[in-house]
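Have a look at the structure below, then the notes.
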Amino acid sequence: MSEKGFRSFLDDLEDAGQLKHIRKPVDCRQLSSLGDQVEEATIFEDIIGYPGWRVATALVSTRKRLAIAMGCNENRVAFEFEAKSTKPIEPITVKSAACQEVVMEGDDVDLTTIPLPMMHLFDGGPYISGTFAISKDPEHGSNVGCYRLMYRTPKETGIDLVSPSDMRFYYQRALDKGEPLPIAIAVGVHPLDMLAASYKAPIDADELALAGGLRGQALEMVKCKTLDLEVPADAEIVLEGELLPIGWTADEGPFGEFSQISGDVKWNPIFRIKCITHRRNPIFYMLQMPWENDWLAAPVTEAAGLQALRIASVQPVDIRAPVGSCGYWSLIASIKKRPGEGKNAVTALLSVAEVKFVVVTDDDIDIYDPDELDWAIAFRVQADQDAIILKGARAKHIDPSVKSWLLGKGGLPTTAKLGIDATIPEGVPKILYRRIKSYGRDRFKVEDFE
Amino acid sequence: MSPLAQTIKSALEVDAQQFHDVVDKHMNIPWQEFLRAWGELREADILKRDDAGAYFIEVK
């Protein structure tokens with residue numbers, strides 16, 4: 001049995017005073033709004049109409065709780081993620097698993113037996129928001145990602161597959177052959193597994209080994225009951241089924257997106273479920289949008305930024321993906337700069353996923369201090385020399401400014417990107433940036449005069 | 001079609017409604033029963049969406 005899992009993380013939160021128990025009966029229509037009002041992570045102990053079930057939410061909706069998951073200081077999350085990601089540990093297969101204590105197959109499959117929450121005001125239906133989705137391609141092997149599921153019928157959900165991803169690529173390949181794509185969805189895994197799943201790894205990279213590296217121990221996997229796929233053995237719930245070969249034709253959404261926007265109706269495939277397995281006393285994980293998603297996105301974006309800088313032979317000092325950009329669309333970094341590297345750093349960071357705004361400073365700037373950052377931009381930037389604009393780069397549908405509704409079903413949007421080199425310009429003497437300091441500040445102490 | 005699904009169907013034939021409007025009108029119904037009724041409408045493949053994401057059903 002793994003030492004780290006969804007339940008051990010709940011214990012970690014409990015020990016840190018970061019888990020609130022709500023013991024009064026709660027309806028599925030109340031879960032999200034109640035969880036949204038609690039500062040801590042929340043576990044609902046009594047779900048009306050669902051005896052034996054509990055619901056946990058907002059487990060990593062602050063950087064503090066994400067740092068608990070990582071086992072490090074809040075500002076070291078990205079560096080910890082990057083370091084551990086270089087030490088992958090291959091998963092191992094076990095024969096029996098807690099996630100298969102209860103099995104529903106065939107006609108018994110019924111999603112309504114799971115306490116699916118009503119989450120946001122404009123959602124198109126109840127959602128399963130926190131998933132660890134596994135698929136496989138004959139050529140590229142298995143892949144893991146995070147995809148939301150919208151309830152449609154007791155045996156079907158919608159799935160958001162509009163953005164470019166490895167699973168979308170696998171699905172397209174299956175669709176081209178007129179075949180369904182078998183997938184398995186695990187719900188209720190350790191946040192480190194979710195981080196690995198959301199990492200924008202190269203298509204042949206093994207997210208399961210990355211999850212093992214982040215955990216510091218091999219992820220235990222068990223074979224699905226009805227598919228040639230394996231799922232995390234310590235998951236709470238597993239849905240086994242296939243994406244129907246219908247393309248992007250079924251309405252899905254809106255859903256409260258991690259962009260902090262309600263979103264709109266999208267056209268997506270349908271996930272048909274053939275088997276549901278779960279623990280005997282399962283805990284449904286309701287990933288609370290947007291904060292939980294944003295804090296899960298940030299270290300992944302930051303680690304990708306660190307990697308991009310190192311590939312560009314630039315030495316990073318600090319990096320952050322601001323939560324105002326949902327941990328995804330902006331990167332701020334400080335570097336130890338050699339001539340020209342401000343521009344190298346900017347272009348490297350602009351290459352990261354859908355990051356569309358970048359600021360790079362020298363290492364004397366505290367990038368966590370917005371006033372420091374403004375100061376660097378004000379006095380180290382000439383717009384005609386230090387701003388870089390890239391056009392026609394890959395974008396995400398949920399950014400309204402890319403006007404994705406004009407693209408039609410299945411279309412992929414593009415975006416322009418802006419980078420600002422806020423390092424001291426070449427040719428400007430550093431002495432001109434000496435900061436004001438009171439005379440004798442180190443010697444004369446006010447307490448001596450009180 | 002169950003009586004609850006029929007009730008929702010009749011309402012959506014008159015007006016387009018956001019999903020939360022449909023939920024609000026049936027707060028007294030157990031959630032599982034509501035979900036099953038909604039599933040019946042999905043299975044019947046009659047739900048349409050307007051530009052704001054509201055559901056409606058065309059009357060032929």
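Residue numbers start at 1 in each chain; chains themselves are named A, B, ... in the order of the structure tokens; ligands are numbered from 1 in the order shown.
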
List the neighbours of Glu40 in chain B out to 12 Å using only C-alpha atoms; skip same-chain residues closer than 2 positions along the sequence, and give me the result as an mmCIF file with C-alpha atoms, in the first residue's frame.
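What ended up in result_9.cif:
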```cif
data_model
loop_
_atom_site.group_PDB
_atom_site.id
_atom_site.type_symbol
_atom_site.label_atom_id
_atom_site.label_comp_id
_atom_site.auth_asym_id
_atom_site.auth_seq_id
_atom_site.Cartn_x
_atom_site.Cartn_y
_atom_site.Cartn_z
ATOM 1 C CA ARG A 152 -25.438 13.750 -19.335
ATOM 2 C CA THR A 153 -27.061 10.418 -18.478
ATOM 3 C CA PRO A 154 -26.435 7.638 -15.941
ATOM 4 C CA LYS A 155 -23.958 6.149 -18.437
ATOM 5 C CA GLU A 156 -22.608 9.201 -20.289
ATOM 6 C CA MET B 1 -40.618 9.081 -19.865
ATOM 7 C CA SER B 2 -40.998 9.616 -16.099
ATOM 8 C CA PRO B 3 -43.480 12.241 -14.833
ATOM 9 C CA LEU B 4 -40.587 14.431 -13.644
ATOM 10 C CA ALA B 5 -38.839 14.267 -17.018
ATOM 11 C CA GLN B 6 -42.153 15.085 -18.681
ATOM 12 C CA THR B 7 -42.584 18.132 -16.409
ATOM 13 C CA ILE B 8 -39.118 19.450 -17.249
ATOM 14 C CA LYS B 9 -39.727 18.747 -20.938
ATOM 15 C CA GLU B 33 -34.195 11.417 -9.023
ATOM 16 C CA PHE B 34 -33.632 14.779 -10.676
ATOM 17 C CA LEU B 35 -30.443 13.561 -12.374
ATOM 18 C CA ARG B 36 -32.211 10.480 -13.714
ATOM 19 C CA ALA B 37 -34.995 12.627 -15.163
ATOM 20 C CA TRP B 38 -32.444 14.930 -16.774
ATOM 21 C CA ARG B 42 -30.558 13.661 -22.796
ATOM 22 C CA GLU B 43 -31.242 10.105 -23.938
ATOM 23 C CA ALA B 44 -34.228 11.354 -25.915
ATOM 24 C CA ASP B 45 -31.766 13.683 -27.707
ATOM 25 C CA ILE B 46 -34.180 16.606 -27.661
ATOM 26 C CA LEU B 47 -32.227 19.212 -25.656
#
```

Shell of 9 Å around Ile57 in chain B, only C-alpha atoms, local chain residues under 2 positions omitted, as a VMD selection string: chain B and resid 9 to 16 46 to 49 55 59

All residues 10 Å or closer to range 65-78 of chain A, only C-alpha atoms, same chain fewer than 5 positions away omitted, as number ranges by chain: A: 4, 9-10, 12-13, 16, 18, 40-41, 58-60, 83-84, 190-192, 195, 214-215, 292, 295-296, 298-306, 318-321, 368

Check which residues of chain B sit at most 6 Å from chain A using only C-alpha atoms, and return one row each with the closest pair of atoms and their distance in Å to one decimal, ordered by chain and rising number, as a tab-separated table.
```
residue	atom	partner	partner_atom	distance
B:Phe19	CA	A:Gly124	CA	5.7
B:Gln32	CA	A:Thr112	CA	5.5
B:Gly39	CA	A:Thr153	CA	4.0
B:Gly53	CA	A:Val265	CA	5.7
```

Residues flagged strand (DSSP E) by DSSP in range 257-445 of chain A, as an MDAnalysis selection string: chainID A and resid 266:268 270:278 283:286 315:320 330:336 357:362 387:394 414:422

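Each of A:Pro282, A:Gly213, A:Gly342, A:Pro322 was compared to Val355 in chain A using only C-alpha atoms, and A:Pro322 turns out to be the nearest.
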
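Across A:Asp421, A:Glu90, A:Glu207, A:Asp160, the tightest approach to Val346 in chain A is made by A:Asp421 when counting only C-alpha atoms.
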
Test item: residues at most 9 Å from Pro91 in chain A, only C-alpha atoms, excluding those fewer than 2 positions along its chain, as an MDAnalysis selection string: chainID A and resid 89 93 208:209 211:212 217:221

Alpha helix (DSSP H) positions in range 185-329 of chain A, given as an NGL selection string: :A and (191-198 or 207-215 or 291-311)

Test item: residues at most 8 Å from Val144 in chain A, only C-alpha atoms, excluding those fewer than 6 positions along its chain, as a PyMOL selection string: chain A and resi 132-135+167+197-198+207-208

For His140 in chain A, please output as a PDB file with C-alpha atoms, in the first residue's frame all residues within 10 Å (counting only C-alpha atoms; exclusion window: fewer than 5 positions along the same chain).
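Resulting contents of around.pdb:
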```
ATOM      1  CA  ASP A 166      -2.081  14.405 -25.990  1.00  0.00           C
ATOM      2  CA  TYR A 170      -5.013  10.165 -29.419  1.00  0.00           C
ATOM      3  CA  ILE A 203       3.964  13.207 -25.868  1.00  0.00           C
ATOM      4  CA  ASP A 204       6.246  10.251 -25.125  1.00  0.00           C
ATOM      5  CA  ALA A 205       6.963  11.350 -21.534  1.00  0.00           C
TER       6      ALA A 205
END
```

Spatial neighbours of Thr277 in chain A, 7 Å, only C-alpha atoms, chain gap at least 3 places, as a PyMOL selection string: chain A and resi 99-100+102-104+237-239

Take the residues that were just selected and, keeping C-alpha atoms, output them as a compact mmCIF listing (two decimals), in the first residue's frame.
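Result file is result-v9.txt:
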```
# COMPACT_ATOMS: atom_id res chain seq x y z
CA CYS A 99 -10.41 1.50 -5.86
CA GLN A 100 -12.04 -1.76 -7.01
CA VAL A 102 -17.12 -2.06 -5.37
CA VAL A 103 -17.69 -2.82 -9.07
CA MET A 104 -20.64 -1.79 -11.28
CA ILE A 237 -13.43 6.18 -7.81
CA VAL A 238 -12.68 4.93 -11.34
CA LEU A 239 -14.83 5.32 -14.45
```

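CA of Lys200 in chain A is found 24.2 Å from CA of Gly241 in chain A.
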
Atomic separation - CA of Ala348 in chain A relative to CA of Asp363 in chain A, Å: 17.4 Å

Computed interatomic separation between CA of Phe79 in chain A and CA of Ile335 in chain A (Å): 14.1 Å
